[in-house]
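Enquirer: This is the content of data01.pdb (PDB, C-alpha atoms):
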MODEL        1
ATOM      1  CA  MET A  28      69.425  89.475  86.990
ATOM      2  CA  GLN A  29      71.124  86.107  87.317
ATOM      3  CA  TYR A  30      73.995  84.114  85.896
ATOM      4  CA  ALA A  31      74.736  80.428  85.783
ATOM      5  CA  ALA A  32      78.353  80.137  86.895
ATOM      6  CA  SER A  33      79.050  77.912  83.896
ATOM      7  CA  ASP A  34      77.876  80.673  81.518
ATOM      8  CA  VAL A  35      80.285  83.298  82.863
ATOM      9  CA  ASN A  36      83.962  83.309  81.988
ATOM     10  CA  HIS A  37      86.716  83.043  84.587
ATOM     11  CA  HIS A  38      87.458  86.776  84.716
ATOM     12  CA  ASP A  39      83.826  87.833  85.046
ATOM     13  CA  ARG A  40      83.151  85.233  87.769
ATOM     14  CA  TYR A  41      86.025  86.775  89.714
ATOM     15  CA  LYS A  42      84.532  90.256  89.244
ATOM     16  CA  ILE A  43      81.097  89.126  90.466
ATOM     17  CA  LEU A  44      82.514  87.458  93.563
ATOM     18  CA  THR A  45      84.852  90.277  94.549
ATOM     19  CA  ALA A  46      82.294  92.998  93.813
ATOM     20  CA  PHE A  47      79.750  91.661  96.293
ATOM     21  CA  VAL A  48      81.575  89.533  98.875
ATOM     22  CA  LEU A  49      83.045  92.435 100.801
ATOM     23  CA  PRO A  50      84.650  93.852 102.701
ATOM     24  CA  ARG A  51      87.075  90.957 102.908
ATOM     25  CA  PRO A  52      89.730  90.557 105.600
ATOM     26  CA  ILE A  53      93.295  90.512 104.356
ATOM     27  CA  ALA A  54      95.940  87.937 105.225
ATOM     28  CA  TRP A  55      99.335  89.584 104.942
ATOM     29  CA  VAL A  56     101.396  86.410 104.733
ATOM     30  CA  THR A  57     105.093  86.254 105.523
ATOM     31  CA  THR A  58     107.170  83.323 104.321
ATOM     32  CA  LEU A  59     110.845  82.482 104.088
ATOM     33  CA  GLY A  60     112.611  81.944 100.769
ATOM     34  CA  PRO A  61     115.336  79.335 100.194
ATOM     35  CA  THR A  62     118.106  81.946 100.494
ATOM     36  CA  GLY A  63     116.636  83.616 103.582
ATOM     37  CA  VAL A  64     114.692  86.351 101.798
ATOM     38  CA  VAL A  65     111.483  87.210 103.689
ATOM     39  CA  ASN A  66     108.424  87.495 101.466
ATOM     40  CA  ALA A  67     105.276  89.399 102.491
ATOM     41  CA  ALA A  68     102.173  89.324 100.301
ATOM     42  CA  PRO A  69      98.485  90.160 100.898
ATOM     43  CA  PHE A  70      95.601  87.805 100.095
ATOM     44  CA  SER A  71      91.944  88.767 100.462
ATOM     45  CA  PHE A  72      90.431  85.372  99.689
ATOM     46  CA  PHE A  73      90.958  84.678 103.386
ATOM     47  CA  ASN A  74      89.308  84.027 106.719
ATOM     48  CA  VAL A  75      89.478  81.964 109.915
ATOM     49  CA  PHE A  76      87.259  78.908 110.178
ATOM     50  CA  ALA A  77      87.799  77.093 113.470
ATOM     51  CA  GLU A  78      89.321  77.464 116.910
ATOM     52  CA  ASP A  79      90.098  73.848 117.874
ATOM     53  CA  PRO A  80      92.505  73.647 116.201
ATOM     54  CA  PRO A  81      92.770  77.274 115.098
ATOM     55  CA  LEU A  82      92.390  77.116 111.319
ATOM     56  CA  CYS A  83      92.661  79.805 108.684
ATOM     57  CA  MET A  84      92.523  79.521 104.923
ATOM     58  CA  PHE A  85      93.686  81.715 102.098
ATOM     59  CA  ALA A  86      93.901  81.208  98.347
ATOM     60  CA  VAL A  87      97.071  81.624  96.291
ATOM     61  CA  ASN A  88      96.586  81.800  92.546
ATOM     62  CA  LYS A  89      99.142  81.888  89.767
ATOM     63  CA  ARG A  90     100.300  85.160  88.298
ATOM     64  CA  PRO A  91      98.663  86.207  85.002
ATOM     65  CA  ASP A  92     101.676  84.914  83.067
ATOM     66  CA  GLY A  93     101.431  81.514  84.772
ATOM     67  CA  ARG A  94     104.304  81.956  87.231
ATOM     68  CA  LEU A  95     103.893  80.531  90.715
ATOM     69  CA  LYS A  96     103.914  83.107  93.479
ATOM     70  CA  ASP A  97     106.750  83.130  95.991
ATOM     71  CA  THR A  98     104.291  82.654  98.849
ATOM     72  CA  TRP A  99     103.126  79.318  97.496
ATOM     73  CA  LEU A 100     106.615  78.104  96.575
ATOM     74  CA  ASN A 101     107.893  78.953 100.063
ATOM     75  CA  ILE A 102     104.978  77.280 101.854
ATOM     76  CA  GLU A 103     105.199  74.214  99.621
ATOM     77  CA  ARG A 104     108.866  73.873 100.569
ATOM     78  CA  THR A 105     108.700  74.674 104.292
ATOM     79  CA  GLY A 106     105.109  74.086 105.414
ATOM     80  CA  GLU A 107     105.347  77.267 107.530
ATOM     81  CA  PHE A 108     104.036  80.833 107.323
ATOM     82  CA  VAL A 109     102.718  83.702 109.413
ATOM     83  CA  VAL A 110      99.379  85.427 108.830
ATOM     84  CA  ASN A 111      99.620  89.100 109.778
ATOM     85  CA  LEU A 112      96.654  91.463 109.852
ATOM     86  CA  THR A 113      96.902  95.107 108.869
ATOM     87  CA  ASP A 114      95.402  98.325 110.146
ATOM     88  CA  GLU A 115      95.254 101.848 108.783
ATOM     89  CA  PRO A 116      98.868 102.870 109.525
ATOM     90  CA  LEU A 117     100.135  99.825 107.605
ATOM     91  CA  ALA A 118      97.549  99.826 104.828
ATOM     92  CA  ARG A 119      99.616 101.532 102.134
ATOM     93  CA  ALA A 120     102.615  99.274 102.716
ATOM     94  CA  MET A 121     100.312  96.249 102.592
ATOM     95  CA  HIS A 122      98.926  97.405  99.253
ATOM     96  CA  ASP A 123     102.386  98.136  97.865
ATOM     97  CA  SER A 124     103.576  94.661  98.848
ATOM     98  CA  SER A 125     101.082  93.215  96.349
ATOM     99  CA  GLY A 126     103.326  94.361  93.508
ATOM    100  CA  ASP A 127     105.451  92.055  91.379
ATOM    101  CA  PHE A 128     108.685  91.583  93.301
ATOM    102  CA  PRO A 129     111.417  89.189  92.130
ATOM    103  CA  PRO A 130     112.193  86.285  94.497
ATOM    104  CA  ASN A 131     115.481  87.817  95.618
ATOM    105  CA  VAL A 132     113.859  91.090  96.748
ATOM    106  CA  GLY A 133     111.904  90.859  99.988
ATOM    107  CA  GLU A 134     108.915  93.156 100.343
ATOM    108  CA  PRO A 135     109.618  93.975 104.031
ATOM    109  CA  ASP A 136     113.188  94.992 103.211
ATOM    110  CA  TYR A 137     112.153  97.023 100.164
ATOM    111  CA  LEU A 138     109.308  98.791 102.001
ATOM    112  CA  GLY A 139     111.146  99.295 105.276
ATOM    113  CA  LEU A 140     108.883  97.048 107.343
ATOM    114  CA  LYS A 141     110.219  95.851 110.670
ATOM    115  CA  LEU A 142     110.367  92.113 111.301
ATOM    116  CA  ALA A 143     110.246  90.163 114.555
ATOM    117  CA  ALA A 144     111.302  86.579 115.128
ATOM    118  CA  SER A 145     108.600  83.952 115.412
ATOM    119  CA  VAL A 146     108.693  81.335 118.163
ATOM    120  CA  ASP A 147     107.335  78.133 116.625
ATOM    121  CA  VAL A 148     108.067  78.645 112.926
ATOM    122  CA  LYS A 149     111.029  80.014 110.985
ATOM    123  CA  PRO A 150     109.328  82.774 108.949
ATOM    124  CA  PRO A 151     109.318  86.028 110.934
ATOM    125  CA  ARG A 152     106.224  88.098 111.585
ATOM    126  CA  LEU A 153     105.681  91.762 110.795
ATOM    127  CA  ALA A 154     106.633  93.484 114.049
ATOM    128  CA  ASP A 155     104.123  96.350 113.749
ATOM    129  CA  ALA A 156     101.128  94.222 112.745
ATOM    130  CA  PRO A 157      98.219  94.472 115.185
ATOM    131  CA  TRP A 158      97.820  90.679 115.183
ATOM    132  CA  SER A 159      99.842  87.787 113.798
ATOM    133  CA  MET A 160      99.400  84.037 113.852
ATOM    134  CA  GLU A 161     102.256  81.617 113.352
ATOM    135  CA  CYS A 162     101.023  78.731 111.209
ATOM    136  CA  LYS A 163     101.986  75.369 109.855
ATOM    137  CA  THR A 164     100.265  73.868 106.835
ATOM    138  CA  TRP A 165      97.263  71.789 107.847
ATOM    139  CA  GLN A 166      95.935  70.905 104.400
ATOM    140  CA  VAL A 167      96.200  72.107 100.790
ATOM    141  CA  VAL A 168      93.409  71.889  98.244
ATOM    142  CA  ASN A 169      94.502  72.102  94.612
ATOM    143  CA  VAL A 170      91.920  73.932  92.485
ATOM    144  CA  LYS A 171      92.402  73.059  88.808
ATOM    145  CA  ASP A 172      96.186  73.502  89.081
ATOM    146  CA  ASP A 173      95.577  77.258  89.009
ATOM    147  CA  ARG A 174      94.906  78.019  92.674
ATOM    148  CA  GLN A 175      95.914  76.501  95.996
ATOM    149  CA  LEU A 176      93.612  76.765  99.022
ATOM    150  CA  ILE A 177      96.037  76.722 101.930
ATOM    151  CA  LEU A 178      94.658  75.769 105.323
ATOM    152  CA  GLY A 179      96.954  76.709 108.155
ATOM    153  CA  GLU A 180      96.889  75.598 111.764
ATOM    154  CA  GLY A 181      97.623  78.433 114.157
ATOM    155  CA  LEU A 182     100.397  77.654 116.627
ATOM    156  CA  ARG A 183     100.900  81.009 118.364
ATOM    157  CA  PHE A 184      99.166  84.399 118.453
ATOM    158  CA  HIS A 185     100.933  87.752 118.703
ATOM    159  CA  ILE A 186      98.796  90.750 119.702
ATOM    160  CA  ARG A 187      99.800  94.398 119.923
ATOM    161  CA  ASP A 188      99.701  95.130 123.659
ATOM    162  CA  GLU A 189      97.397  98.152 123.649
ATOM    163  CA  LEU A 190      94.719  96.315 121.673
ATOM    164  CA  TRP A 191      93.999  93.509 124.125
ATOM    165  CA  ASP A 192      92.666  93.165 127.670
ATOM    166  CA  GLY A 193      94.331  89.952 128.783
ATOM    167  CA  THR A 194      92.222  89.724 131.952
ATOM    168  CA  ALA A 195      88.836  90.001 130.268
ATOM    169  CA  MET A 196      90.145  88.376 127.055
ATOM    170  CA  ARG A 197      88.562  91.150 125.073
ATOM    171  CA  ILE A 198      89.741  93.572 122.394
ATOM    172  CA  HIS A 199      89.822  97.338 122.886
ATOM    173  CA  MET A 200      87.798  97.924 119.749
ATOM    174  CA  ASP A 201      88.178 101.708 119.919
ATOM    175  CA  ARG A 202      91.938 101.241 119.403
ATOM    176  CA  TYR A 203      91.770  98.765 116.525
ATOM    177  CA  HIS A 204      91.351 100.160 113.023
ATOM    178  CA  PRO A 205      91.586  97.298 110.513
ATOM    179  CA  VAL A 206      91.099  97.790 106.799
ATOM    180  CA  GLY A 207      89.157  95.553 104.440
ATOM    181  CA  ARG A 208      89.594  94.754 100.771
ATOM    182  CA  MET A 209      86.937  95.872  98.354
ATOM    183  CA  PHE A 210      88.032  95.289  94.740
ATOM    184  CA  VAL A 211      90.843  96.295  92.371
ATOM    185  CA  ASP A 212      92.789  98.959  94.308
ATOM    186  CA  ARG A 213      89.984  99.909  96.689
ATOM    187  CA  TYR A 214      89.909  99.296 100.423
ATOM    188  CA  CYS A 215      87.630 100.342 103.243
ATOM    189  CA  ARG A 216      87.986 101.569 106.807
ATOM    190  CA  THR A 217      85.990  99.873 109.551
ATOM    191  CA  ASP A 218      85.455 102.684 112.062
ATOM    192  CA  ASP A 219      81.796 103.311 111.152
ATOM    193  CA  ARG A 220      80.298 100.468 113.182
ATOM    194  CA  ILE A 221      76.810  99.303 114.142
ATOM    195  CA  GLU A 222      75.929  97.744 117.469
ATOM    196  CA  PHE A 223      72.693  95.831 118.089
ATOM    197  CA  PRO A 224      71.225  94.403 121.303
ATOM    198  CA  ALA A 225      71.370  90.663 121.842
ATOM    199  CA  ALA A 226      69.395  88.655 119.310
ATOM    200  CA  PRO A 227      66.098  87.224 120.609
ATOM    201  CA  VAL A 228      65.711  83.695 121.904
ATOM    202  CA  VAL A 229      62.387  82.448 120.558
ATOM    203  CA  ALA A 230      60.648  79.544 122.244
ATOM    204  CA  ALA A 231      59.113  76.820 120.091
ATOM    205  CA  LYS A 232      55.359  76.906 119.691
ATOM    206  CA  ALA A 233      53.435  74.424 121.738
ATOM    207  CA  ALA A 234      51.913  71.582 119.754
ATOM    208  CA  GLU A 235      48.265  72.092 119.004
TER     209      GLU A 235
ENDMDL
END
Show how you would write the structure in this file as structure tokens.
Expert:
Amino acid sequence: MQYAASDVNHHDRYKILTAFVLPRPIAWVTTLGPTGVVNAAPFSFFNVFAEDPPLCMFAVNKRPDGRLKDTWLNIERTGEFVVNLTDEPLARAMHDSSGDFPPNVGEPDYLGLKLAASVDVKPPRLADAPWSMECKTWQVVNVKDDRQLILGEGLRFHIRDELWDGTAMRIHMDRYHPVGRMFVDRYCRTDDRIEFPAAPVVAAKAAE
């Protein structure tokens, strides 16, 4: 079975991509509105792509009725945001924050999420997130005026203390329980893990 992308409508292309490219990490992005309202919204078209400088990217699309999302409006105005990751204890609140909230109602306030001040940017981070990265906008790619690909440069990392060995610079993986996005309202746990030995190093064949 195969499809030419040009033969499949917008909605079905989305379904094909999100049905197979999974699980996807989730950027729970906090931004600051013009009146001081803190917005928090999850985006699963997301990942990190470089470490020097630290770069992440996530996609913000318009709402079905054509309205621009608060996340994009806030980033367009300020150039600042925080990417927070979520784990199992926060998963339901993360999902609920994807609802349609008016600009004057902040998801953290409505859902009872604790905030903590950032250091290098004005938007606060989610205090209970296992990991957060303060970001400034590095580049924006406009996709057909319907979606913005926002590349952020990480300025500062915040890590929940019990998750990180600062001497070895290594995560305590047995203590970290992130969730991934599947599709529609489905998510997955990540505790069922596979570990392989180091991949082989294969020498080139000698010329005959």
Enquirer: Quick one, how far is atom CA of A:Asn169 from atom CA of A:Leu100?
Expert: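 The value is 13.7 Å.
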Enquirer: On this structure, the PyMOL selection byres ((chain A and resi 141) around 10) would catch which residues? List them as number ranges by chain, sorted by chain and number.
Expert: A: 135-136, 138-140, 142-143, 151-156
Enquirer: Mind telling me what the PyMOL selection byres ((chain A and resi 208) around 7) catches here, as a CSV table (one decimal) with C-alpha atoms, keeping the file's coordinate frame?
Expert:
chain,number,residue,atom,x,y,z
A,49,LEU,CA,83.0,92.4,100.8
A,50,PRO,CA,84.6,93.9,102.7
A,51,ARG,CA,87.1,91.0,102.9
A,52,PRO,CA,89.7,90.6,105.6
A,53,ILE,CA,93.3,90.5,104.4
A,71,SER,CA,91.9,88.8,100.5
A,206,VAL,CA,91.1,97.8,106.8
A,207,GLY,CA,89.2,95.6,104.4
A,209,MET,CA,86.9,95.9,98.4
A,210,PHE,CA,88.0,95.3,94.7
A,213,ARG,CA,90.0,99.9,96.7
A,214,TYR,CA,89.9,99.3,100.4
A,215,CYS,CA,87.6,100.3,103.2
Enquirer: Quick one: apply the PyMOL selection byres ((chain A and resi 102) around 10) to the file and drop the selected residues here as number ranges by chain.
Expert: A: 57-60, 97-101, 103-108, 150, 163-164, 177
Enquirer: Box for stretch 218-228 of chain A: with edges along x, y and z, all listed atoms inside and 4 Å added on each side, what are the centre and edge lengths in Å to one decimal, as lines of an AutoDock Vina configuration file?
Expert:
center_x = 75.6
center_y = 93.5
center_z = 116.5
size_x = 27.7
size_y = 27.6
size_z = 18.8
Enquirer: If we count all atoms listed in the file and set the cut-off at 6 Å, which residues sit around A:Val109, ignoring sequence neighbours fewer than 4 positions away in its own chain? Please answer as a list of chain:residue names.
Expert: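 Surrounding residues, per the criterion: A:Val56, A:Thr57, A:Met160, A:Glu161, A:Cys162.
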Enquirer: Produce a file of the selected residues containing C-alpha atoms, as an mmCIF file, keeping the file's coordinate frame.
Expert:
data_model
loop_
_atom_site.group_PDB
_atom_site.id
_atom_site.type_symbol
_atom_site.label_atom_id
_atom_site.label_comp_id
_atom_site.auth_asym_id
_atom_site.auth_seq_id
_atom_site.Cartn_x
_atom_site.Cartn_y
_atom_site.Cartn_z
ATOM 1 C CA VAL A 56 101.396 86.410 104.733
ATOM 2 C CA THR A 57 105.093 86.254 105.523
ATOM 3 C CA MET A 160 99.400 84.037 113.852
ATOM 4 C CA GLU A 161 102.256 81.617 113.352
ATOM 5 C CA CYS A 162 101.023 78.731 111.209
#
